Structure formats: structure tokens, C-alpha cells
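This report concerns only the one structure given below.
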Amino acid sequence: MMTNEALLQEHVAQYLRLQYPSVLFHSDYGSGVRLTPGQAMRQKRMNGGRRAWPDLFIAESVVAEDGRGAYGLFIELKKEGARLKKKNGEWASPHLAEQAEMLENLRNKGYRAEFAVGFDEAKKILDDYLAGREYAI
């Protein structure tokens, strides 16, 4: 079982390199790094003033025979066992709500964008997307 999100990101990146060597991807390792206040402000400016960018981007568009598709895939990775929502259906934290809003905004721009809890879920999302089985926005 993965113990933290940084290790999960590393394992997902390794999986992508081995299983899909021609697929371009970017993993935002810096998202979990503690920054000084000055660095945090600079990072925020460099990201258009927006927070909650997903951890991983797959630069591979997928289009099905029916014409539906996505320009690429964003995944917000969460460690194994992480709870995204409370029992009442609300997001488990304000940060998760912010991340969910970012994923929805990306879907509205033509990307597939998902949460993945743990390696197995991330692998399934990647495999399905890259095989063209899961392409709907």
C-alpha cells in the first residue's frame, strides 16, 4: 500500500514510462512541497493565480468512432484509502472541494479530469483512457 502521494506519483510515472513509452506526460511533484511565503506567491502568479491544479497531465488526445473525445487527461492523485467525501456527500475538506471544482472546469474545457485514489484506480483510469474505452468528457 502506498504511504504518501509523492510515492504514488512516482509509481504512476514509472508505470507510464514502462507501459506507454510514447505517451507524453507531466507530473507536478512540486504540488506537495512546502514553500516559503515568497515562493508560494511566485508559484501562484506562475499558475495564473489558480490553485488546485491536478497532479498529472497526459498529453494524449483520444477520439472515439462516434466523435466524442478529450484533448488530454488530468488526474488528481490521492493516497490509498483517502476519503474524498463525507457521509453526507460533501467534500471531505475545502481543498478537495477546490480540486473538484478545478477538475470540473477542465472537463468543461474538453479534457478528461478525474480523482484517482491509490495506484490501482490511477492505473485503471490511465489504461481505459489510453485504450479509448473511457474518453467521454
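Residue numbering restarts at 1 for every chain of the C-alpha cells, chains are lettered A, B, ... in their displayed order, and ligands are numbered from 1 as they appear.
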Item to check | Those of segment 27-79 of chain A in DSSP strand (DSSP E or B), formatted as number ranges by chain | outcome: A: 27, 56-58, 62-63, 69-70, 73-78
Next on the checklist: Could you list, as a PyMOL selection string, every residue within 9 Å of segment 10-21 of chain A, counting only C-alpha atoms and ignoring same-chain residues fewer than 6 positions away?
Outcome noted: chain A and resi 27+29+56+119+122-123+126+130
Checklist entry - Where does DSSP see helix (DSSP H, G or I) in chain A, if you list the residues as a VMD selection string? => result chain A and resid 5 to 19 29 to 32 37 to 46 94 to 108 118 to 130
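Shortest atom-to-atom contact with Val117 of chain A among A:Pro94, A:Gly132, A:Gly81, A:Gly89: A:Gly81, counting only C-alpha atoms.
Minimum atom-to-atom distances from A:Met41, A:Ala59, A:Ala52, A:Leu35 to Val23 of chain A were compared using only C-alpha atoms, and the lowest value belongs to A:Ala59.
For the pair atom CA of Arg68 of chain A and atom CA of Tyr129 of chain A, the interatomic distance is 12.4 Å.
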Checklist entry - Can you list, as a PyMOL selection string, every protein, DNA or RNA residue that comes within 9 Å of Pro54 of chain A when you count only C-alpha atoms, leaving out same-chain residues fewer than 4 positions away? => result chain A and resi 27-28+31+74-77+99+102-103+113-115
Next on the checklist: One number please: atom CA of Ala116 of chain A to atom CA of Ser22 of chain A, in Å, one decimal.
Outcome noted: 22.3 Å
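In terms of minimum interatomic distance to Phe25 of chain A, A:Gln9 ranks closest within A:Asn4, A:Gln39, A:Gln9, A:Asn108, counting only C-alpha atoms.
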